[in-house]
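Please read the structure below before turning to the comments.
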Amino acid sequence: MEVIVKKDYEQMSRLAAQMIADVVRENPRCVLGLATGSTPLGTYKELIRMHKKEGLDFSQAASFNLDEYVGVKPTHKQSYWYFMYHNLFRHINIPLENVHVPDGTAADVEAHCAWYDDEIERWGGIDIQILGIGGNGHIAFNEPGTAVFSRTNWVALDKRTIEDNARFFKRKSDVPRFAITMGIGTILEARRVVLLANKASKAEAIAATVEGPITAIVPASALQLHPNCTIITDRAAAGKLKRKYGSTPRKLPKVRKKK
Ligand code: F6R
């Protein structure tokens, strides 16, 4: 697990966007794993800028989102489909037929979840998965107590997650109680994982994820099992880490050839 601590949200977002852009440039037919929430918004803004100003081309790329509320239509303003369309998809040239967000209105939710995992496989697996983290350590909607090798599934949302998300709804009682989420096992199958965290409210969860034991109480701690996982934070979210971490991706020094 590599930890990179950037000065602020802008720098964190720029680095994450750069990592995604590198994957897109290296393999235009790449599969991106995407998250919603406030954390990746800066990253999406930077990707949109790169698309518009630098010609970053998503025309052959595909994407899979982490999660969606059960019972919420894609047209609902709080649906994750709506979020992704307005904050990213409509501003870049990714073909909409290549984007996947779990269907919260699926008639058979369990069959849909199994299909979603199969579909990720059919597209060749996720090349780079972007994650945010909940204050309780959740990744996607995998709440504390989720098994490390869980697959895409429907879940009941944690009390704290409902409270955290209440700000997006008129009333707390409007927050959906269930969601479809990629499993932790599904996330661990991505070739590369990048988790982003900013603000002091994430500091405890980040410390537990990076420096604590792997435990179901902190779902993000399962990322310690991933061979290619990068955690990028701002200084506030790194505030409770015990060790010091670098501010740039690690790089092997060039070996000088002997004459
Ligand atoms: C969203 C998701 C969630 C969020 C997490 C942090 O697709 O999977 O796990 O990443 O709740 O949310 P924000 O970024 O709003 O703090």
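Ordering of the structure tokens sets the chain letters (A, B, ...), residue numbers begin anew at 1 in every chain, and ligands are numbered from 1 in the order given.
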Inset, instruction - Could the residues that lie within 9 Å of ligand 1, counting only C-alpha atoms and all ligand atoms, be listed as a VMD selection string? - result: chain A and resid 34 to 41 65 to 68 80 130 to 143 161 164 to 165 181 to 182 195 to 199 201 to 202
Write to file, as a compact mmCIF listing (two decimals), in the first residue's frame, the residues of the selection just made, with N, CA, C and O atoms.
```
# COMPACT_ATOMS: atom_id res chain seq x y z
N LEU A 34 -15.40 3.75 -11.04
CA LEU A 34 -15.66 5.12 -10.59
C LEU A 34 -16.51 5.16 -9.33
O LEU A 34 -17.29 4.25 -9.05
N ALA A 35 -16.34 6.26 -8.59
CA ALA A 35 -17.07 6.45 -7.34
C ALA A 35 -17.88 7.74 -7.42
O ALA A 35 -17.56 8.64 -8.21
N THR A 36 -18.90 7.85 -6.60
CA THR A 36 -19.63 9.11 -6.47
C THR A 36 -19.20 9.77 -5.15
O THR A 36 -18.19 9.41 -4.58
N GLY A 37 -19.97 10.72 -4.67
CA GLY A 37 -19.63 11.41 -3.42
C GLY A 37 -18.86 12.68 -3.70
O GLY A 37 -18.48 12.96 -4.85
N SER A 38 -18.60 13.44 -2.65
CA SER A 38 -17.94 14.74 -2.85
C SER A 38 -16.45 14.58 -3.12
O SER A 38 -15.85 15.41 -3.83
N THR A 39 -15.82 13.52 -2.62
CA THR A 39 -14.36 13.40 -2.74
C THR A 39 -13.84 13.41 -4.18
O THR A 39 -12.91 14.16 -4.48
N PRO A 40 -14.41 12.59 -5.10
CA PRO A 40 -13.81 12.55 -6.44
C PRO A 40 -14.21 13.71 -7.36
O PRO A 40 -13.75 13.77 -8.50
N LEU A 41 -15.03 14.65 -6.86
CA LEU A 41 -15.50 15.73 -7.75
C LEU A 41 -14.35 16.53 -8.36
O LEU A 41 -14.38 16.87 -9.54
N ASN A 65 -19.45 1.87 -12.15
CA ASN A 65 -19.56 2.58 -10.87
C ASN A 65 -19.71 1.60 -9.73
O ASN A 65 -20.15 0.46 -9.90
N LEU A 66 -19.35 2.09 -8.55
CA LEU A 66 -19.34 1.24 -7.37
C LEU A 66 -20.73 0.87 -6.87
O LEU A 66 -20.95 -0.24 -6.40
N ASP A 67 -21.66 1.84 -6.93
CA ASP A 67 -22.89 1.60 -6.17
C ASP A 67 -24.06 2.45 -6.64
O ASP A 67 -23.90 3.38 -7.43
N GLU A 68 -25.22 2.11 -6.12
CA GLU A 68 -26.45 2.86 -6.42
C GLU A 68 -27.47 2.54 -5.32
O GLU A 68 -27.47 1.44 -4.76
N TYR A 80 -27.10 7.84 -8.25
CA TYR A 80 -25.68 7.90 -8.60
C TYR A 80 -25.48 7.97 -10.11
O TYR A 80 -24.48 8.48 -10.60
N ILE A 130 -11.28 3.93 -8.61
CA ILE A 130 -11.23 5.09 -7.71
C ILE A 130 -12.20 4.85 -6.56
O ILE A 130 -13.34 4.42 -6.77
N LEU A 131 -11.73 5.14 -5.35
CA LEU A 131 -12.58 4.97 -4.17
C LEU A 131 -12.55 6.21 -3.30
O LEU A 131 -11.51 6.89 -3.22
N GLY A 132 -13.67 6.48 -2.63
CA GLY A 132 -13.68 7.40 -1.50
C GLY A 132 -13.75 6.52 -0.25
O GLY A 132 -13.73 5.29 -0.34
N ILE A 133 -13.83 7.15 0.89
CA ILE A 133 -13.94 6.36 2.12
C ILE A 133 -14.96 7.03 3.05
O ILE A 133 -15.00 8.27 3.14
N GLY A 134 -15.77 6.22 3.69
CA GLY A 134 -16.73 6.78 4.65
C GLY A 134 -16.04 7.08 5.97
O GLY A 134 -14.97 6.52 6.27
N GLY A 135 -16.64 7.94 6.77
CA GLY A 135 -16.09 8.25 8.09
C GLY A 135 -15.99 6.99 8.96
O GLY A 135 -15.19 6.92 9.89
N ASN A 136 -16.81 5.98 8.63
CA ASN A 136 -16.77 4.72 9.39
C ASN A 136 -15.87 3.69 8.73
O ASN A 136 -15.87 2.51 9.09
N GLY A 137 -15.11 4.12 7.70
CA GLY A 137 -14.19 3.19 7.03
C GLY A 137 -14.81 2.41 5.89
O GLY A 137 -14.17 1.53 5.31
N HIS A 138 -16.06 2.74 5.51
CA HIS A 138 -16.65 1.96 4.40
C HIS A 138 -16.01 2.32 3.07
O HIS A 138 -15.52 3.43 2.88
N ILE A 139 -16.00 1.34 2.17
CA ILE A 139 -15.64 1.61 0.77
C ILE A 139 -16.83 1.14 -0.06
O ILE A 139 -17.41 0.10 0.23
N ALA A 140 -17.15 1.89 -1.10
CA ALA A 140 -18.43 1.72 -1.79
C ALA A 140 -19.48 1.73 -0.68
O ALA A 140 -19.39 2.53 0.25
N PHE A 141 -20.45 0.81 -0.69
CA PHE A 141 -21.39 0.77 0.43
C PHE A 141 -21.12 -0.46 1.29
O PHE A 141 -22.02 -1.02 1.90
N ASN A 142 -19.86 -0.89 1.33
CA ASN A 142 -19.50 -2.01 2.19
C ASN A 142 -19.27 -1.47 3.59
O ASN A 142 -18.22 -0.88 3.88
N GLU A 143 -20.28 -1.66 4.42
CA GLU A 143 -20.26 -1.09 5.76
C GLU A 143 -19.46 -1.98 6.71
O GLU A 143 -19.15 -3.13 6.36
N THR A 161 -23.86 6.21 7.84
CA THR A 161 -23.91 6.54 6.41
C THR A 161 -25.22 7.27 6.09
O THR A 161 -25.23 8.25 5.34
N ASP A 164 -24.74 10.72 7.33
CA ASP A 164 -23.81 11.46 6.45
C ASP A 164 -24.50 11.88 5.15
O ASP A 164 -24.25 12.95 4.61
N ASN A 165 -25.38 11.00 4.62
CA ASN A 165 -26.00 11.27 3.32
C ASN A 165 -27.28 12.09 3.44
O ASN A 165 -27.82 12.55 2.42
N THR A 181 -24.08 -2.55 -4.03
CA THR A 181 -22.67 -2.16 -3.99
C THR A 181 -21.76 -3.25 -4.53
O THR A 181 -22.02 -4.43 -4.32
N MET A 182 -20.72 -2.82 -5.23
CA MET A 182 -19.66 -3.77 -5.57
C MET A 182 -19.15 -4.33 -4.25
O MET A 182 -19.04 -3.59 -3.27
N LEU A 195 -7.46 5.14 -3.54
CA LEU A 195 -8.45 5.65 -2.59
C LEU A 195 -8.10 7.10 -2.25
O LEU A 195 -6.95 7.42 -1.96
N LEU A 196 -9.11 7.95 -2.31
CA LEU A 196 -8.92 9.38 -2.04
C LEU A 196 -9.62 9.76 -0.74
O LEU A 196 -10.72 9.28 -0.47
N ALA A 197 -8.98 10.64 0.03
CA ALA A 197 -9.63 11.12 1.26
C ALA A 197 -9.14 12.52 1.57
O ALA A 197 -7.94 12.79 1.56
N ASN A 198 -10.08 13.40 1.83
CA ASN A 198 -9.71 14.75 2.27
C ASN A 198 -10.56 15.10 3.49
O ASN A 198 -11.56 14.43 3.77
N LYS A 199 -10.15 16.10 4.20
CA LYS A 199 -10.82 16.62 5.41
C LYS A 199 -10.50 15.78 6.66
O LYS A 199 -10.33 14.55 6.58
N SER A 201 -12.43 14.91 8.94
CA SER A 201 -13.47 13.93 9.29
C SER A 201 -13.10 12.52 8.80
O SER A 201 -13.71 11.54 9.22
N LYS A 202 -12.12 12.42 7.90
CA LYS A 202 -11.70 11.11 7.39
C LYS A 202 -10.41 10.61 8.06
O LYS A 202 -9.94 9.52 7.76
```
Inset, instruction - Find the spatial neighbours of Ile206 in chain A, counting only C-alpha atoms, within a cut-off of 9 Å - ignore same-chain residues fewer than 2 positions away - and output them as a list of chain:residue names. - result: A:Ile133, A:Gly135, A:Gly137, A:Ala197, A:Lys202, A:Ala203, A:Glu204, A:Ala208, A:Thr209, A:Val210, A:Glu211, A:Ala220, A:Ser221, A:Ile231, A:Thr233, A:Ala237, A:Ala238, A:Gly239, A:Lys240, A:Leu241
Inset, instruction - Based on DSSP run over this structure's backbone, return all residues of range 40-197 of chain A in strand (DSSP E), as a PyMOL selection string. - result: chain A and resi 62-65+67-69+99-100+128-131+153-156+178-181+193-197
Inset, instruction - Please identify all polymer residues within 10 Å of Thr248 in chain A, counting only C-alpha atoms, omitting same-chain residues fewer than 5 positions from it, and present them as number ranges by chain. - result: A: 3-6, 15, 232
Which of range 30-231 of chain A fall in helix (DSSP H, G or I), as a short mmCIF file (atom, residue, chain, number, x, y, z; two decimals) with N, CA, C and O atoms, in the first residue's frame:
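Okay, this is what ended up in result.cif:
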```
data_model
loop_
_atom_site.label_atom_id
_atom_site.label_comp_id
_atom_site.auth_asym_id
_atom_site.auth_seq_id
_atom_site.Cartn_x
_atom_site.Cartn_y
_atom_site.Cartn_z
N LEU A 41 -15.03 14.65 -6.86
CA LEU A 41 -15.50 15.73 -7.75
C LEU A 41 -14.35 16.53 -8.36
O LEU A 41 -14.38 16.87 -9.54
N GLY A 42 -13.33 16.82 -7.56
CA GLY A 42 -12.16 17.58 -8.06
C GLY A 42 -11.41 16.79 -9.12
O GLY A 42 -10.91 17.35 -10.10
N THR A 43 -11.35 15.48 -8.92
CA THR A 43 -10.67 14.61 -9.90
C THR A 43 -11.45 14.62 -11.22
O THR A 43 -10.87 14.73 -12.30
N TYR A 44 -12.78 14.53 -11.14
CA TYR A 44 -13.59 14.54 -12.35
C TYR A 44 -13.48 15.89 -13.08
O TYR A 44 -13.42 15.94 -14.30
N LYS A 45 -13.42 16.96 -12.30
CA LYS A 45 -13.28 18.30 -12.89
C LYS A 45 -11.97 18.38 -13.68
O LYS A 45 -11.93 18.91 -14.79
N GLU A 46 -10.92 17.83 -13.10
CA GLU A 46 -9.61 17.85 -13.75
C GLU A 46 -9.61 16.95 -15.01
O GLU A 46 -9.02 17.31 -16.03
N LEU A 47 -10.30 15.82 -14.94
CA LEU A 47 -10.39 14.95 -16.13
C LEU A 47 -11.14 15.66 -17.25
O LEU A 47 -10.78 15.54 -18.43
N ILE A 48 -12.19 16.41 -16.87
CA ILE A 48 -12.96 17.15 -17.87
C ILE A 48 -12.06 18.21 -18.51
O ILE A 48 -12.05 18.39 -19.73
N ARG A 49 -11.27 18.88 -17.67
CA ARG A 49 -10.33 19.90 -18.21
C ARG A 49 -9.34 19.23 -19.17
O ARG A 49 -9.09 19.73 -20.26
N MET A 50 -8.81 18.07 -18.77
CA MET A 50 -7.84 17.38 -19.63
C MET A 50 -8.48 16.96 -20.95
O MET A 50 -7.85 16.98 -21.99
N HIS A 51 -9.76 16.55 -20.87
CA HIS A 51 -10.46 16.16 -22.10
C HIS A 51 -10.63 17.37 -23.02
O HIS A 51 -10.33 17.30 -24.22
N LYS A 52 -11.06 18.49 -22.43
CA LYS A 52 -11.37 19.68 -23.25
C LYS A 52 -10.11 20.40 -23.73
O LYS A 52 -10.05 20.86 -24.86
N LYS A 53 -9.11 20.49 -22.86
CA LYS A 53 -7.92 21.30 -23.21
C LYS A 53 -6.78 20.47 -23.78
O LYS A 53 -5.96 20.96 -24.54
N GLU A 54 -6.69 19.21 -23.36
CA GLU A 54 -5.53 18.41 -23.78
C GLU A 54 -5.93 17.23 -24.66
O GLU A 54 -5.10 16.41 -25.01
N TYR A 80 -27.10 7.84 -8.25
CA TYR A 80 -25.68 7.90 -8.60
C TYR A 80 -25.48 7.97 -10.11
O TYR A 80 -24.48 8.48 -10.60
N TRP A 81 -26.47 7.43 -10.85
CA TRP A 81 -26.42 7.59 -12.30
C TRP A 81 -26.46 9.08 -12.65
O TRP A 81 -25.65 9.58 -13.44
N TYR A 82 -27.41 9.79 -12.05
CA TYR A 82 -27.61 11.22 -12.30
C TYR A 82 -26.33 11.99 -11.94
O TYR A 82 -25.85 12.85 -12.67
N PHE A 83 -25.76 11.64 -10.79
CA PHE A 83 -24.52 12.27 -10.32
C PHE A 83 -23.40 12.09 -11.36
O PHE A 83 -22.71 13.04 -11.73
N MET A 84 -23.24 10.85 -11.81
CA MET A 84 -22.13 10.59 -12.74
C MET A 84 -22.37 11.28 -14.08
O MET A 84 -21.43 11.80 -14.69
N TYR A 85 -23.62 11.27 -14.53
CA TYR A 85 -23.92 11.88 -15.83
C TYR A 85 -23.60 13.38 -15.78
O TYR A 85 -22.95 13.91 -16.68
N HIS A 86 -24.05 14.03 -14.69
CA HIS A 86 -23.89 15.49 -14.64
C HIS A 86 -22.49 15.93 -14.23
O HIS A 86 -22.06 17.02 -14.61
N ASN A 87 -21.79 15.10 -13.47
CA ASN A 87 -20.46 15.52 -13.01
C ASN A 87 -19.31 15.01 -13.86
O ASN A 87 -18.18 15.46 -13.71
N PHE A 89 -19.85 12.17 -17.10
CA PHE A 89 -20.10 11.56 -18.41
C PHE A 89 -20.50 12.56 -19.49
O PHE A 89 -20.06 12.46 -20.63
N ARG A 90 -21.35 13.53 -19.13
CA ARG A 90 -21.84 14.42 -20.21
C ARG A 90 -20.79 15.43 -20.65
O ARG A 90 -20.94 16.10 -21.66
N HIS A 91 -19.68 15.52 -19.89
CA HIS A 91 -18.63 16.49 -20.22
C HIS A 91 -17.45 15.86 -20.97
O HIS A 91 -16.52 16.57 -21.36
N LEU A 96 -21.94 6.41 -23.83
CA LEU A 96 -22.84 6.05 -22.72
C LEU A 96 -23.16 4.55 -22.70
O LEU A 96 -23.45 4.00 -21.65
N GLU A 97 -23.05 3.90 -23.89
CA GLU A 97 -23.32 2.44 -23.88
C GLU A 97 -22.19 1.67 -23.20
O GLU A 97 -22.33 0.49 -22.89
N ASN A 98 -21.07 2.33 -22.94
CA ASN A 98 -19.95 1.67 -22.24
C ASN A 98 -19.96 1.94 -20.74
O ASN A 98 -19.09 1.45 -20.03
N VAL A 109 -33.03 -7.88 -7.87
CA VAL A 109 -31.80 -7.21 -7.43
C VAL A 109 -30.64 -8.21 -7.35
O VAL A 109 -29.53 -7.92 -7.81
N GLU A 110 -30.90 -9.39 -6.82
CA GLU A 110 -29.80 -10.35 -6.65
C GLU A 110 -29.26 -10.82 -8.00
O GLU A 110 -28.04 -10.91 -8.18
N ALA A 111 -30.16 -11.05 -8.96
CA ALA A 111 -29.71 -11.46 -10.29
C ALA A 111 -28.92 -10.32 -10.94
O ALA A 111 -27.90 -10.55 -11.60
N HIS A 112 -29.36 -9.09 -10.69
CA HIS A 112 -28.67 -7.94 -11.27
C HIS A 112 -27.24 -7.84 -10.70
O HIS A 112 -26.30 -7.55 -11.43
N CYS A 113 -27.11 -8.10 -9.40
CA CYS A 113 -25.78 -8.02 -8.76
C CYS A 113 -24.83 -9.05 -9.37
O CYS A 113 -23.67 -8.75 -9.66
N ALA A 114 -25.34 -10.27 -9.56
CA ALA A 114 -24.51 -11.33 -10.13
C ALA A 114 -24.12 -10.94 -11.55
O ALA A 114 -22.97 -11.12 -11.99
N TRP A 115 -25.09 -10.38 -12.30
CA TRP A 115 -24.84 -9.94 -13.68
C TRP A 115 -23.75 -8.86 -13.70
O TRP A 115 -22.88 -8.86 -14.56
N TYR A 116 -23.78 -7.96 -12.73
CA TYR A 116 -22.83 -6.84 -12.70
C TYR A 116 -21.40 -7.37 -12.58
O TYR A 116 -20.51 -6.94 -13.30
N ASP A 117 -21.19 -8.33 -11.66
CA ASP A 117 -19.86 -8.92 -11.52
C ASP A 117 -19.43 -9.62 -12.81
O ASP A 117 -18.28 -9.50 -13.24
N ASP A 118 -20.38 -10.35 -13.42
CA ASP A 118 -20.06 -11.06 -14.69
C ASP A 118 -19.69 -10.05 -15.77
O ASP A 118 -18.80 -10.29 -16.59
N GLU A 119 -20.43 -8.94 -15.78
CA GLU A 119 -20.22 -7.93 -16.81
C GLU A 119 -18.82 -7.30 -16.68
O GLU A 119 -18.15 -7.05 -17.67
N ILE A 120 -18.39 -7.05 -15.44
CA ILE A 120 -17.04 -6.51 -15.21
C ILE A 120 -16.02 -7.48 -15.82
O ILE A 120 -15.09 -7.07 -16.52
N GLU A 121 -16.26 -8.76 -15.59
CA GLU A 121 -15.33 -9.77 -16.11
C GLU A 121 -15.36 -9.79 -17.64
O GLU A 121 -14.32 -9.87 -18.29
N ARG A 122 -16.59 -9.69 -18.18
CA ARG A 122 -16.75 -9.72 -19.65
C ARG A 122 -16.02 -8.57 -20.32
O ARG A 122 -15.51 -8.70 -21.43
N LYS A 159 -26.17 3.25 10.04
CA LYS A 159 -26.80 4.45 10.62
C LYS A 159 -25.97 5.71 10.30
O LYS A 159 -26.50 6.74 9.89
N ARG A 160 -24.64 5.59 10.45
CA ARG A 160 -23.77 6.75 10.22
C ARG A 160 -23.79 7.19 8.74
O ARG A 160 -23.77 8.38 8.44
N THR A 161 -23.86 6.21 7.84
CA THR A 161 -23.91 6.54 6.41
C THR A 161 -25.22 7.27 6.09
O THR A 161 -25.23 8.25 5.34
N ILE A 162 -26.31 6.81 6.68
CA ILE A 162 -27.61 7.46 6.46
C ILE A 162 -27.53 8.90 6.97
O ILE A 162 -27.96 9.84 6.28
N GLU A 163 -26.92 9.07 8.13
CA GLU A 163 -26.78 10.44 8.68
C GLU A 163 -25.88 11.30 7.78
O GLU A 163 -26.19 12.44 7.47
N ASP A 164 -24.74 10.72 7.33
CA ASP A 164 -23.81 11.46 6.45
C ASP A 164 -24.50 11.88 5.15
O ASP A 164 -24.25 12.95 4.61
N ASN A 165 -25.38 11.00 4.62
CA ASN A 165 -26.00 11.27 3.32
C ASN A 165 -27.28 12.09 3.44
O ASN A 165 -27.82 12.55 2.42
N ALA A 166 -27.74 12.31 4.67
CA ALA A 166 -29.00 13.04 4.87
C ALA A 166 -28.92 14.45 4.30
O ALA A 166 -29.92 15.03 3.87
N ARG A 167 -27.68 15.01 4.23
CA ARG A 167 -27.51 16.37 3.70
C ARG A 167 -27.94 16.50 2.24
O ARG A 167 -28.21 17.59 1.76
N PHE A 168 -27.99 15.38 1.53
CA PHE A 168 -28.37 15.43 0.11
C PHE A 168 -29.88 15.29 -0.10
O PHE A 168 -30.36 15.41 -1.22
N LYS A 172 -34.28 13.41 6.48
CA LYS A 172 -33.49 12.21 6.76
C LYS A 172 -34.27 10.95 6.38
O LYS A 172 -33.71 9.96 5.92
N SER A 173 -35.60 11.03 6.56
CA SER A 173 -36.43 9.85 6.24
C SER A 173 -36.46 9.55 4.74
O SER A 173 -36.90 8.48 4.33
N ASP A 174 -35.99 10.51 3.91
CA ASP A 174 -35.96 10.28 2.46
C ASP A 174 -34.73 9.47 2.03
O ASP A 174 -34.65 8.99 0.91
N ILE A 184 -16.31 -6.06 -1.60
CA ILE A 184 -14.89 -5.79 -1.35
C ILE A 184 -14.04 -6.72 -2.22
O ILE A 184 -13.03 -6.31 -2.80
N GLY A 185 -14.49 -7.97 -2.34
CA GLY A 185 -13.76 -8.92 -3.19
C GLY A 185 -13.71 -8.44 -4.64
O GLY A 185 -12.69 -8.56 -5.32
N THR A 186 -14.83 -7.88 -5.11
CA THR A 186 -14.88 -7.36 -6.49
C THR A 186 -13.88 -6.21 -6.63
O THR A 186 -13.12 -6.16 -7.60
N ILE A 187 -13.86 -5.32 -5.64
CA ILE A 187 -12.95 -4.16 -5.69
C ILE A 187 -11.50 -4.63 -5.68
O ILE A 187 -10.66 -4.11 -6.43
N LEU A 188 -11.22 -5.66 -4.87
CA LEU A 188 -9.83 -6.15 -4.77
C LEU A 188 -9.34 -6.77 -6.08
O LEU A 188 -8.14 -6.95 -6.26
N ALA A 200 -10.49 16.48 7.78
CA ALA A 200 -10.18 15.86 9.08
C ALA A 200 -11.20 14.79 9.47
O ALA A 200 -10.89 13.86 10.21
N SER A 201 -12.43 14.91 8.94
CA SER A 201 -13.47 13.93 9.29
C SER A 201 -13.10 12.52 8.80
O SER A 201 -13.71 11.54 9.22
N LYS A 202 -12.12 12.42 7.90
CA LYS A 202 -11.70 11.11 7.39
C LYS A 202 -10.41 10.61 8.06
O LYS A 202 -9.94 9.52 7.76
N ALA A 203 -9.84 11.43 8.96
CA ALA A 203 -8.51 11.12 9.50
C ALA A 203 -8.48 9.80 10.28
O ALA A 203 -7.56 9.00 10.13
N GLU A 204 -9.51 9.57 11.08
CA GLU A 204 -9.52 8.34 11.87
C GLU A 204 -9.64 7.12 10.96
O GLU A 204 -8.93 6.13 11.14
N ALA A 205 -10.53 7.21 9.98
CA ALA A 205 -10.74 6.09 9.07
C ALA A 205 -9.46 5.81 8.28
O ALA A 205 -9.10 4.65 8.05
N ILE A 206 -8.76 6.86 7.87
CA ILE A 206 -7.52 6.67 7.11
C ILE A 206 -6.44 6.03 7.98
O ILE A 206 -5.76 5.10 7.55
N ALA A 207 -6.31 6.48 9.21
CA ALA A 207 -5.30 5.89 10.10
C ALA A 207 -5.60 4.40 10.32
O ALA A 207 -4.69 3.56 10.27
N ALA A 208 -6.87 4.07 10.52
CA ALA A 208 -7.24 2.67 10.75
C ALA A 208 -7.01 1.83 9.49
O ALA A 208 -6.58 0.68 9.55
N THR A 209 -7.26 2.43 8.33
CA THR A 209 -7.10 1.72 7.05
C THR A 209 -5.63 1.41 6.77
O THR A 209 -5.27 0.32 6.33
N VAL A 210 -4.77 2.40 7.03
CA VAL A 210 -3.37 2.29 6.64
C VAL A 210 -2.52 1.63 7.72
O VAL A 210 -1.68 0.79 7.42
N GLU A 211 -2.76 2.00 8.96
CA GLU A 211 -1.85 1.56 10.02
C GLU A 211 -2.49 0.58 11.01
O GLU A 211 -1.83 0.10 11.92
N PRO A 219 -13.82 -1.64 6.77
CA PRO A 219 -13.79 -2.33 5.47
C PRO A 219 -12.60 -1.91 4.58
O PRO A 219 -12.03 -2.75 3.89
N ALA A 220 -12.22 -0.62 4.62
CA ALA A 220 -11.12 -0.17 3.75
C ALA A 220 -9.79 -0.82 4.12
O ALA A 220 -8.87 -0.84 3.29
N SER A 221 -9.67 -1.36 5.33
CA SER A 221 -8.40 -1.99 5.72
C SER A 221 -8.11 -3.22 4.84
O SER A 221 -6.97 -3.64 4.73
N ALA A 222 -9.15 -3.77 4.20
CA ALA A 222 -8.95 -4.92 3.29
C ALA A 222 -8.03 -4.53 2.13
O ALA A 222 -7.42 -5.40 1.51
N LEU A 223 -7.92 -3.23 1.86
CA LEU A 223 -7.07 -2.78 0.75
C LEU A 223 -5.60 -3.09 1.02
O LEU A 223 -4.78 -3.08 0.11
N GLN A 224 -5.25 -3.36 2.28
CA GLN A 224 -3.86 -3.76 2.58
C GLN A 224 -3.52 -5.06 1.85
O GLN A 224 -2.35 -5.37 1.65
N LEU A 225 -4.57 -5.82 1.45
CA LEU A 225 -4.33 -7.08 0.74
C LEU A 225 -4.07 -6.87 -0.75
O LEU A 225 -3.71 -7.79 -1.45
#
```
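With CA of Arg151 in chain A on one side and CA of Val31 in chain A on the other, the separation reads 18.3 Å.
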Legend entry - Nearby residues (only C-alpha atoms) at most 9 Å from Arg29 in chain A, same-chain spacing under 4 positions excluded, as a PyMOL selection string: chain A and resi 24+58-62
